[in-house]
file protein-v8.cif (mmCIF, C-alpha atoms and all ligand atoms)
data_work
loop_
_atom_site.label_atom_id
_atom_site.label_comp_id
_atom_site.auth_asym_id
_atom_site.auth_seq_id
_atom_site.Cartn_x
_atom_site.Cartn_y
_atom_site.Cartn_z
CA MET A 1 100.82 59.45 92.58
CA THR A 2 98.14 61.48 94.30
CA VAL A 3 98.05 61.23 98.06
CA THR A 4 94.82 61.78 99.94
CA PRO A 5 95.74 63.07 103.38
CA THR A 6 93.65 61.89 106.28
CA ALA A 7 93.96 65.26 108.05
CA PRO A 8 94.53 68.67 106.50
CA LEU A 9 98.17 69.73 106.44
CA SER A 10 99.01 72.58 108.81
CA GLN A 11 100.40 75.86 107.47
CA THR A 12 103.85 74.86 108.74
CA ALA A 13 103.64 71.42 107.15
CA LEU A 14 102.65 73.00 103.83
CA LEU A 15 105.62 75.36 103.95
CA ILE A 16 108.01 72.51 104.73
CA GLU A 17 106.57 70.18 102.08
CA LEU A 18 106.68 72.89 99.43
CA GLU A 19 110.19 74.11 100.21
CA PRO A 20 111.94 71.81 97.65
CA VAL A 21 109.49 73.04 95.00
CA VAL A 22 110.36 76.61 95.93
CA ALA A 23 114.07 75.77 95.59
CA ASP A 24 113.58 74.22 92.13
CA ASN A 25 111.44 77.08 90.89
CA LEU A 26 113.80 79.66 92.31
CA ASP A 27 116.61 78.07 90.27
CA ARG A 28 114.41 78.06 87.23
CA HIS A 29 113.45 81.69 87.78
CA LEU A 30 117.06 82.81 88.18
CA ARG A 31 117.98 80.97 84.98
CA VAL A 32 115.30 82.57 82.82
CA ALA A 33 114.93 86.07 84.36
CA LYS A 34 116.87 88.61 82.32
CA GLU A 35 118.67 91.49 83.98
CA TRP A 36 117.36 94.89 82.92
CA PHE A 37 117.92 98.51 83.84
CA PRO A 38 115.10 100.98 84.48
CA HIS A 39 117.23 104.00 83.49
CA GLU A 40 117.57 102.72 79.93
CA TYR A 41 113.84 103.02 79.40
CA VAL A 42 113.48 106.66 80.44
CA PRO A 43 114.01 109.55 77.94
CA TRP A 44 115.92 111.70 80.43
CA GLY A 45 116.70 114.37 77.79
CA GLU A 46 113.03 115.34 77.74
CA GLY A 47 113.00 116.21 81.44
CA ARG A 48 112.43 119.77 82.67
CA THR A 49 112.76 121.18 86.17
CA PHE A 50 109.49 121.58 88.05
CA ASP A 51 108.24 124.58 90.00
CA GLY A 52 108.77 124.77 93.75
CA ILE A 53 112.24 124.60 95.32
CA LEU A 54 114.09 124.84 92.00
CA ASP A 55 111.68 127.36 90.44
CA GLY A 56 111.06 125.53 87.18
CA GLU A 57 107.79 125.04 85.31
CA ALA A 58 104.65 123.74 86.97
CA TRP A 59 103.06 120.59 85.56
CA ALA A 60 100.14 121.17 83.18
CA PRO A 61 97.84 118.59 81.57
CA GLU A 62 99.01 119.75 78.12
CA ASP A 63 102.58 118.66 78.94
CA SER A 64 101.72 115.18 77.67
CA THR A 65 99.56 113.69 74.94
CA VAL A 66 98.87 110.51 76.93
CA PRO A 67 95.05 110.07 77.04
CA GLU A 68 93.18 110.54 80.32
CA VAL A 69 92.28 106.88 80.79
CA ALA A 70 95.89 105.85 80.23
CA ARG A 71 96.98 108.37 82.89
CA THR A 72 94.42 106.87 85.27
CA ALA A 73 95.73 103.36 84.59
CA LEU A 74 99.37 104.42 84.91
CA VAL A 75 98.64 105.94 88.32
CA VAL A 76 96.66 102.89 89.51
CA ASN A 77 99.40 100.54 88.34
CA LEU A 78 102.17 102.63 89.86
CA LEU A 79 100.39 103.02 93.23
CA THR A 80 99.90 99.27 93.22
CA GLU A 81 103.65 98.78 92.74
CA ASP A 82 104.35 101.46 95.37
CA ASN A 83 102.62 99.46 98.07
CA LEU A 84 105.43 96.89 97.95
CA PRO A 85 106.47 97.30 101.62
CA SER A 86 103.04 96.04 102.68
CA TYR A 87 103.22 93.07 100.30
CA HIS A 88 106.74 92.27 101.46
CA HIS A 89 105.61 92.32 105.06
CA GLN A 90 102.77 90.01 104.23
CA ILE A 91 104.71 87.36 102.35
CA ALA A 92 107.78 87.57 104.61
CA THR A 93 105.50 86.98 107.61
CA LEU A 94 103.71 84.08 105.96
CA PHE A 95 106.50 82.40 103.96
CA GLY A 96 109.36 83.33 106.30
CA ARG A 97 112.79 84.79 105.59
CA ASP A 98 114.79 81.55 105.77
CA GLY A 99 115.81 78.97 103.21
CA ALA A 100 114.45 78.95 99.68
CA TRP A 101 111.23 80.71 100.72
CA GLY A 102 113.22 83.61 102.14
CA THR A 103 115.50 83.84 99.11
CA TRP A 104 112.45 84.01 96.89
CA VAL A 105 110.71 86.63 99.05
CA HIS A 106 113.73 88.92 98.81
CA ARG A 107 114.37 88.34 95.12
CA TRP A 108 110.71 88.94 94.27
CA THR A 109 110.70 92.13 96.34
CA ALA A 110 113.79 93.41 94.52
CA GLU A 111 112.18 92.79 91.13
CA GLU A 112 108.92 94.45 92.13
CA GLY A 113 110.85 97.43 93.50
CA ARG A 114 112.29 98.00 90.03
CA HIS A 115 108.79 98.34 88.59
CA GLY A 116 107.82 101.28 90.77
CA THR A 117 111.16 103.01 90.16
CA ALA A 118 110.98 102.61 86.40
CA ILE A 119 107.38 103.73 86.01
CA ARG A 120 107.77 106.73 88.35
CA ASP A 121 110.92 107.94 86.56
CA TYR A 122 109.19 107.62 83.22
CA LEU A 123 106.06 109.48 84.29
CA THR A 124 108.00 112.28 85.97
CA VAL A 125 110.43 112.89 83.11
CA THR A 126 107.75 112.80 80.41
CA ARG A 127 105.29 114.79 82.58
CA ALA A 128 102.60 112.24 81.79
CA VAL A 129 100.80 112.71 85.13
CA ASP A 130 100.50 115.43 87.78
CA PRO A 131 103.47 114.74 90.12
CA VAL A 132 101.86 116.51 93.09
CA ALA A 133 98.61 114.53 92.84
CA LEU A 134 100.66 111.37 92.34
CA GLU A 135 102.73 111.94 95.47
CA ARG A 136 99.67 112.74 97.56
CA ALA A 137 97.92 109.62 96.29
CA ARG A 138 101.01 107.54 97.10
CA MET A 139 101.09 108.89 100.67
CA THR A 140 97.40 108.15 101.16
CA HIS A 141 97.59 104.70 99.62
CA MET A 142 100.70 103.54 101.45
CA SER A 143 99.47 105.01 104.73
CA ALA A 144 96.44 102.75 104.50
CA GLY A 145 98.67 99.66 103.99
CA TYR A 146 97.48 96.49 102.35
CA ASP A 147 96.14 93.22 103.56
CA ASN A 148 94.19 90.58 101.76
CA ALA A 149 91.41 88.35 102.91
CA HIS A 150 93.57 85.23 103.30
CA ASP A 151 96.91 86.54 104.42
CA ASP A 152 97.55 83.83 107.00
CA GLU A 153 96.90 80.88 104.71
CA VAL A 154 99.69 79.56 102.48
CA LEU A 155 97.61 77.98 99.72
CA HIS A 156 95.11 80.84 99.54
CA SER A 157 97.99 83.27 99.26
CA LEU A 158 99.63 81.20 96.50
CA ALA A 159 96.34 81.04 94.60
CA TYR A 160 95.86 84.78 95.01
CA VAL A 161 99.31 85.73 93.75
CA SER A 162 99.09 83.31 90.82
CA PHE A 163 96.05 85.20 89.56
CA GLN A 164 97.20 88.63 90.70
CA GLU A 165 100.57 88.45 88.89
CA LEU A 166 98.85 87.53 85.65
CA ALA A 167 96.22 90.25 86.17
CA THR A 168 99.00 92.78 86.72
CA ARG A 169 100.80 91.58 83.61
CA ILE A 170 97.70 92.12 81.50
CA SER A 171 96.95 95.49 83.05
CA HIS A 172 100.51 96.76 82.39
CA ARG A 173 100.47 95.45 78.83
CA ASN A 174 97.14 97.02 77.97
CA THR A 175 97.99 100.28 79.71
CA GLY A 176 101.09 100.53 77.53
CA ARG A 177 98.95 100.05 74.46
CA VAL A 178 96.48 102.86 75.33
CA THR A 179 99.18 105.41 76.16
CA GLY A 180 99.84 105.82 72.43
CA ASP A 181 103.50 106.24 73.43
CA PRO A 182 105.69 103.43 72.04
CA ARG A 183 108.41 104.08 74.60
CA CYS A 184 106.01 103.81 77.50
CA GLU A 185 104.59 100.69 75.91
CA GLN A 186 108.11 99.26 75.68
CA LEU A 187 108.73 99.90 79.37
CA LEU A 188 105.41 98.39 80.45
CA ALA A 189 105.96 95.35 78.24
CA ARG A 190 109.28 94.84 80.06
CA VAL A 191 107.54 95.11 83.43
CA ALA A 192 104.80 92.75 82.22
CA ALA A 193 107.44 90.15 81.29
CA ASP A 194 108.60 90.14 84.94
CA GLU A 195 105.01 89.75 86.16
CA ASN A 196 104.63 86.75 83.90
CA LEU A 197 107.62 84.99 85.45
CA HIS A 198 106.22 85.75 88.91
CA MET A 199 102.93 84.19 87.88
CA VAL A 200 104.70 81.05 86.62
CA PHE A 201 106.58 80.72 89.91
CA TYR A 202 103.48 80.90 92.08
CA ARG A 203 101.40 78.82 89.69
CA ASN A 204 103.99 76.03 89.79
CA LEU A 205 103.96 76.09 93.57
CA LEU A 206 100.23 75.78 93.81
CA GLY A 207 100.40 73.10 91.10
CA ALA A 208 102.63 71.11 93.48
CA ALA A 209 100.16 71.78 96.29
CA PHE A 210 97.45 70.15 94.19
CA GLU A 211 99.58 66.97 94.29
CA LEU A 212 100.25 67.28 97.99
CA ALA A 213 96.86 68.31 99.35
CA PRO A 214 94.32 68.41 96.51
CA GLY A 215 91.29 69.20 98.65
CA GLN A 216 92.99 72.06 100.46
CA ALA A 217 94.35 73.46 97.20
CA MET A 218 90.90 73.33 95.57
CA ARG A 219 89.35 75.06 98.58
CA ALA A 220 91.98 77.80 98.38
CA VAL A 221 91.38 78.37 94.67
CA ALA A 222 87.59 78.48 95.02
CA ASP A 223 87.74 80.93 97.94
CA VAL A 224 90.19 83.22 96.16
CA VAL A 225 88.23 83.26 92.91
CA ALA A 226 85.06 84.05 94.88
CA ASP A 227 86.41 87.21 96.48
CA PHE A 228 89.24 88.26 94.17
CA GLN A 229 90.15 91.93 94.38
CA MET A 230 92.94 93.67 92.51
CA PRO A 231 95.81 94.61 94.84
CA GLY A 232 95.15 98.31 94.19
CA ASN A 233 91.57 98.12 95.41
CA GLY A 234 92.38 100.35 98.39
CA ILE A 235 93.39 103.26 96.12
CA GLU A 236 91.21 106.33 96.59
CA GLY A 237 88.51 106.36 93.90
CA PHE A 238 89.41 102.82 92.83
CA ALA A 239 85.85 101.87 91.83
CA ARG A 240 85.55 104.80 89.43
CA LYS A 241 89.08 104.31 88.10
CA SER A 242 88.60 100.60 87.52
CA VAL A 243 85.37 101.22 85.59
CA ALA A 244 87.22 103.69 83.35
CA MET A 245 89.95 101.10 82.81
CA ALA A 246 87.39 98.40 82.05
CA MET A 247 85.63 100.68 79.57
CA ALA A 248 88.95 101.18 77.78
CA GLY A 249 89.61 97.41 77.68
CA ILE A 250 92.63 97.68 79.98
CA TYR A 251 91.23 95.29 82.55
CA ASP A 252 87.65 94.09 82.52
CA LEU A 253 85.65 91.13 83.76
CA ARG A 254 85.97 89.24 80.49
CA GLN A 255 89.74 89.51 80.61
CA HIS A 256 89.70 88.60 84.28
CA ARG A 257 87.74 85.42 83.62
CA ASP A 258 89.05 84.35 80.22
CA ASP A 259 92.64 85.61 80.24
CA VAL A 260 93.54 85.36 83.93
CA LEU A 261 91.45 82.76 85.75
CA LEU A 262 90.90 80.20 82.98
CA PRO A 263 94.49 79.79 81.74
CA VAL A 264 95.78 79.33 85.30
CA LEU A 265 92.98 76.90 86.20
CA ARG A 266 93.75 74.99 83.01
CA GLN A 267 97.39 74.62 84.04
CA TRP A 268 96.28 73.13 87.36
CA ASP A 269 93.86 70.91 85.44
CA VAL A 270 91.30 71.64 88.16
CA TRP A 271 88.42 69.78 86.51
CA ASN A 272 90.38 66.52 86.45
CA VAL A 273 92.06 66.65 89.85
CA THR A 274 91.55 63.40 91.76
CA GLY A 275 91.78 62.60 95.46
CA LEU A 276 89.52 65.43 96.60
CA ASP A 277 87.85 65.17 99.98
CA SER A 278 84.22 66.25 100.30
CA ASP A 279 85.13 69.87 100.93
CA GLY A 280 87.42 69.80 97.89
CA GLU A 281 84.55 68.48 95.75
CA ALA A 282 82.25 71.19 97.11
CA ALA A 283 84.94 73.80 96.40
CA ARG A 284 85.22 72.63 92.79
CA GLU A 285 81.46 72.96 92.35
CA GLN A 286 81.56 76.45 93.84
CA LEU A 287 84.39 77.33 91.46
CA ALA A 288 82.37 76.20 88.44
CA ALA A 289 79.36 78.25 89.60
CA GLN A 290 81.60 81.25 90.19
CA LEU A 291 82.98 81.06 86.64
CA ASP A 292 79.46 80.82 85.21
CA GLY A 293 78.42 83.87 87.22
CA LEU A 294 81.47 85.78 85.99
CA ASP A 295 80.64 84.82 82.42
CA ARG A 296 77.15 86.31 82.76
CA ALA A 297 78.43 89.44 84.50
CA ALA A 298 81.10 89.91 81.81
CA ALA A 299 78.48 89.58 79.07
CA ARG A 300 76.28 92.19 80.77
CA PHE A 301 79.21 94.57 81.06
CA GLU A 302 80.19 94.06 77.42
CA GLU A 303 76.66 94.81 76.30
CA LYS A 304 76.60 98.00 78.34
CA ARG A 305 79.99 99.03 77.04
CA ASP A 306 79.06 98.35 73.41
CA ALA A 307 75.88 100.41 73.84
CA ARG A 308 77.79 103.28 75.37
CA LEU A 309 80.44 103.21 72.64
CA ALA A 310 77.72 103.13 69.96
CA ARG A 311 76.00 106.14 71.55
CA ARG A 312 79.30 107.98 71.70
CA ALA A 313 80.03 107.19 68.03
CA GLY A 314 76.57 108.40 67.01
CA ALA A 315 76.76 111.60 69.07
FE FE A 401 105.20 94.58 89.60
FE FE A 402 105.01 90.74 90.04
#
call {"tool": "encode", "arguments": {"input": "protein-v8.cif", "output": "structure tokens"}}
result
Amino acid sequence: MTVTPTAPLSQTALLIELEPVVADNLDRHLRVAKEWFPHEYVPWGEGRTFDGILDGEAWAPEDSTVPEVARTALVVNLLTEDNLPSYHHQIATLFGRDGAWGTWVHRWTAEEGRHGTAIRDYLTVTRAVDPVALERARMTHMSAGYDNAHDDEVLHSLAYVSFQELATRISHRNTGRVTGDPRCEQLLARVAADENLHMVFYRNLLGAAFELAPGQAMRAVADVVADFQMPGNGIEGFARKSVAMAMAGIYDLRQHRDDVLLPVLRQWDVWNVTGLDSDGEAAREQLAAQLDGLDRAAARFEEKRDARLARRAGA
């Protein structure tokens, strides 16, 4: 049964109403999530002492055969994982630290923490990226902190993380592929599998919100799609780095629209949701227009990319 509320539910009411859904999905998550160990994915025997305190060998670009664009993506993805304290602060403040919400917040944080550890260990041991530049970038990025446009709204935040977890999954997967290093690919596929479970968790929650408050849920989704930014967008040089990643097919507009937004929207069955108030109807129309606009922008980008690749092949 779909209920049409007479007044919008407050943030507190939404948290209370969704708590049993959090509890169910937490149980589900704990049943299906597999334990794994970052250290098993790192070829420690290949490690060499660095210069500095222990007087080893300085890092040089030739230390690794990982292509430049893959190094860029690895750094962007790792810095994104590194900013976990800011994300934790944000969701702990919004969702709270009690009950099922709190248990989820802590469990999610622990899983995300593993990602940064695993990727950093791998990159340092295999000398895939400059460790000094990486550390400086981490300091800069974390010092800036992170906040998103809707960090005090439950449904907007759930919509954002539903898309963001899937976006991160795809970015890790495709980064692994372009490294040309099967072991790195194996690690990033493992990380991506976690991101997928995170996506399912948040997607199920917002799915329940569509039952509870369809108009508010639709508004949240339309707003988030309209101004979606990757969580790493505050990284220094992000615009240039994200273009390089898009050119390499790691994460581009087409993937964002077709492989991230559409599958999640399909799960929520947004085009058939009933019980919308007038703002919910307006939000759905805005969402449709947004997706059309993204389709055109993606086509323009693909044309440009094809032309550039053709020029490069002919050069
Ligand atoms: Fe992660
Ligand atoms: Fe995640």
call {"tool": "residues_near_ligand", "arguments": {"input": "protein-v8.cif", "ligand": "ligand FE 402 (chain A)", "cutoff": "10 Å", "atoms": "only C-alpha atoms and all ligand atoms", "output": "list in words"}}
result
Glu81, Trp108, Thr109, Glu111, Glu112, Gly113, His115, Val161, Ser162, Gln164, Glu165, Leu166, Ala167, Thr168, Arg169, Val191, Ala192, Ala193, Asp194, Glu195, Asn196, Leu197, His198 and Met199 of chain A
call {"tool": "atom_distance", "arguments": {"input": "protein-v8.cif", "atom1": "atom CA of Pro67 of chain A", "atom2": "atom CA of Ala297 of chain A"}}
result
27.5 Å
call {"tool": "atom_distance", "arguments": {"input": "protein-v8.cif", "atom1": "atom CA of Val264 of chain A", "atom2": "atom CA of Asp277 of chain A"}}
result
21.9 Å
call {"tool": "atom_distance", "arguments": {"input": "protein-v8.cif", "atom1": "atom CA of Tyr41 of chain A", "atom2": "atom CA of Ala128 of chain A"}}
result
14.7 Å
call {"tool": "closest_residue", "arguments": {"input": "protein-v8.cif", "among": "A:Pro182, A:Pro214, A:Gly249, A:Gly232", "to": "ligand FE 401 (chain A)", "atoms": "only C-alpha atoms and all ligand atoms"}}
result
A:Gly232
call {"tool": "residues_around", "arguments": {"input": "protein-v8.cif", "residues": "Phe238 of chain A", "least_positions_apart": "4", "cutoff": "12 Å", "atoms": "all atoms listed in the file", "output": "PDB file with C-alpha atoms, in the coordinates of the input"}}
result
ATOM      1  CA  THR A  72      94.420 106.870  85.270  1.00  0.00           C
ATOM      2  CA  ALA A  73      95.730 103.360  84.590  1.00  0.00           C
ATOM      3  CA  VAL A  75      98.640 105.940  88.320  1.00  0.00           C
ATOM      4  CA  VAL A  76      96.660 102.890  89.510  1.00  0.00           C
ATOM      5  CA  ASN A  77      99.400 100.540  88.340  1.00  0.00           C
ATOM      6  CA  LEU A  79     100.390 103.020  93.230  1.00  0.00           C
ATOM      7  CA  THR A  80      99.900  99.270  93.220  1.00  0.00           C
ATOM      8  CA  ALA A 137      97.920 109.620  96.290  1.00  0.00           C
ATOM      9  CA  HIS A 141      97.590 104.700  99.620  1.00  0.00           C
ATOM     10  CA  GLN A 229      90.150  91.930  94.380  1.00  0.00           C
ATOM     11  CA  MET A 230      92.940  93.670  92.510  1.00  0.00           C
ATOM     12  CA  PRO A 231      95.810  94.610  94.840  1.00  0.00           C
ATOM     13  CA  GLY A 232      95.150  98.310  94.190  1.00  0.00           C
ATOM     14  CA  ASN A 233      91.570  98.120  95.410  1.00  0.00           C
ATOM     15  CA  GLY A 234      92.380 100.350  98.390  1.00  0.00           C
ATOM     16  CA  SER A 242      88.600 100.600  87.520  1.00  0.00           C
ATOM     17  CA  VAL A 243      85.370 101.220  85.590  1.00  0.00           C
ATOM     18  CA  ALA A 244      87.220 103.690  83.350  1.00  0.00           C
ATOM     19  CA  MET A 245      89.950 101.100  82.810  1.00  0.00           C
ATOM     20  CA  ALA A 246      87.390  98.400  82.050  1.00  0.00           C
TER      21      ALA A 246
END
call {"tool": "closest_residue", "arguments": {"input": "protein-v8.cif", "among": "A:His106, A:Arg190, A:Arg203, A:Arg48", "to": "ligand FE 401 (chain A)", "atoms": "only C-alpha atoms and all ligand atoms"}}
result
A:Arg190
call {"tool": "closest_residue", "arguments": {"input": "protein-v8.cif", "among": "A:Trp271, A:Phe50, A:Tyr122, A:Phe95", "to": "Ala288 of chain A", "atoms": "only C-alpha atoms"}}
result
A:Trp271
call {"tool": "closest_residue", "arguments": {"input": "protein-v8.cif", "among": "A:Pro38, A:Gly56, A:Gly99, A:Gly116", "to": "ligand FE 401 (chain A)", "atoms": "only C-alpha atoms and all ligand atoms"}}
result
A:Gly116
call {"tool": "closest_residue", "arguments": {"input": "protein-v8.cif", "among": "A:His29, A:His172, A:Arg138, A:Arg127", "to": "ligand FE 401 (chain A)", "atoms": "all atoms listed in the file"}}
result
A:His172
call {"tool": "build_atoms", "arguments": {"input": "protein-v8.cif", "residues": "segment 87-115 of chain A", "atoms": "N, CA and C atoms", "output": "CSV table (one decimal), in the coordinates of the input"}}
result
chain,number,residue,atom,x,y,z
A,87,TYR,N,103.2,94.4,100.9
A,87,TYR,CA,103.2,93.1,100.3
A,87,TYR,C,104.4,92.3,100.9
A,88,HIS,N,105.6,93.0,100.9
A,88,HIS,CA,106.7,92.3,101.5
A,88,HIS,C,106.5,91.8,102.9
A,89,HIS,N,105.9,92.7,103.7
A,89,HIS,CA,105.6,92.3,105.1
A,89,HIS,C,104.7,91.1,105.1
A,90,GLN,N,103.7,91.1,104.2
A,90,GLN,CA,102.8,90.0,104.2
A,90,GLN,C,103.4,88.7,103.9
A,91,ILE,N,104.2,88.7,102.8
A,91,ILE,CA,104.7,87.4,102.4
A,91,ILE,C,105.9,87.0,103.2
A,92,ALA,N,106.7,87.9,103.7
A,92,ALA,CA,107.8,87.6,104.6
A,92,ALA,C,107.2,87.0,105.9
A,93,THR,N,106.1,87.5,106.4
A,93,THR,CA,105.5,87.0,107.6
A,93,THR,C,105.0,85.6,107.4
A,94,LEU,N,104.3,85.4,106.2
A,94,LEU,CA,103.7,84.1,106.0
A,94,LEU,C,104.7,83.0,105.5
A,95,PHE,N,105.6,83.4,104.5
A,95,PHE,CA,106.5,82.4,104.0
A,95,PHE,C,107.8,82.3,104.8
A,96,GLY,N,108.1,83.3,105.5
A,96,GLY,CA,109.4,83.3,106.3
A,96,GLY,C,110.5,83.9,105.5
A,97,ARG,N,111.6,84.2,106.2
A,97,ARG,CA,112.8,84.8,105.6
A,97,ARG,C,114.0,83.8,105.5
A,98,ASP,N,113.7,82.5,105.8
A,98,ASP,CA,114.8,81.6,105.8
A,98,ASP,C,114.7,80.6,104.6
A,99,GLY,N,115.8,80.0,104.2
A,99,GLY,CA,115.8,79.0,103.2
A,99,GLY,C,115.3,79.5,101.9
A,100,ALA,N,114.8,78.6,101.0
A,100,ALA,CA,114.4,79.0,99.7
A,100,ALA,C,113.3,79.9,99.7
A,101,TRP,N,112.4,79.8,100.6
A,101,TRP,CA,111.2,80.7,100.7
A,101,TRP,C,111.7,82.1,100.9
A,102,GLY,N,112.7,82.3,101.8
A,102,GLY,CA,113.2,83.6,102.1
A,102,GLY,C,114.0,84.2,101.0
A,103,THR,N,114.8,83.4,100.3
A,103,THR,CA,115.5,83.8,99.1
A,103,THR,C,114.5,84.3,98.1
A,104,TRP,N,113.4,83.6,97.9
A,104,TRP,CA,112.4,84.0,96.9
A,104,TRP,C,111.8,85.3,97.3
A,105,VAL,N,111.4,85.4,98.6
A,105,VAL,CA,110.7,86.6,99.0
A,105,VAL,C,111.6,87.9,98.8
A,106,HIS,N,112.9,87.8,99.0
A,106,HIS,CA,113.7,88.9,98.8
A,106,HIS,C,114.0,89.2,97.3
A,107,ARG,N,114.1,88.2,96.6
A,107,ARG,CA,114.4,88.3,95.1
A,107,ARG,C,113.1,89.0,94.5
A,108,TRP,N,112.0,88.4,94.8
A,108,TRP,CA,110.7,88.9,94.3
A,108,TRP,C,110.5,90.4,94.6
A,109,THR,N,110.8,90.8,95.9
A,109,THR,CA,110.7,92.1,96.3
A,109,THR,C,111.6,93.1,95.5
A,110,ALA,N,112.8,92.6,95.3
A,110,ALA,CA,113.8,93.4,94.5
A,110,ALA,C,113.3,93.7,93.1
A,111,GLU,N,112.7,92.6,92.5
A,111,GLU,CA,112.2,92.8,91.1
A,111,GLU,C,111.0,93.7,91.1
A,112,GLU,N,110.1,93.6,92.1
A,112,GLU,CA,108.9,94.4,92.1
A,112,GLU,C,109.3,95.9,92.4
A,113,GLY,N,110.4,96.1,93.2
A,113,GLY,CA,110.8,97.4,93.5
A,113,GLY,C,111.3,98.2,92.2
A,114,ARG,N,111.8,97.4,91.3
A,114,ARG,CA,112.3,98.0,90.0
A,114,ARG,C,111.1,98.5,89.2
A,115,HIS,N,110.0,97.9,89.4
A,115,HIS,CA,108.8,98.3,88.6
A,115,HIS,C,108.4,99.7,89.0
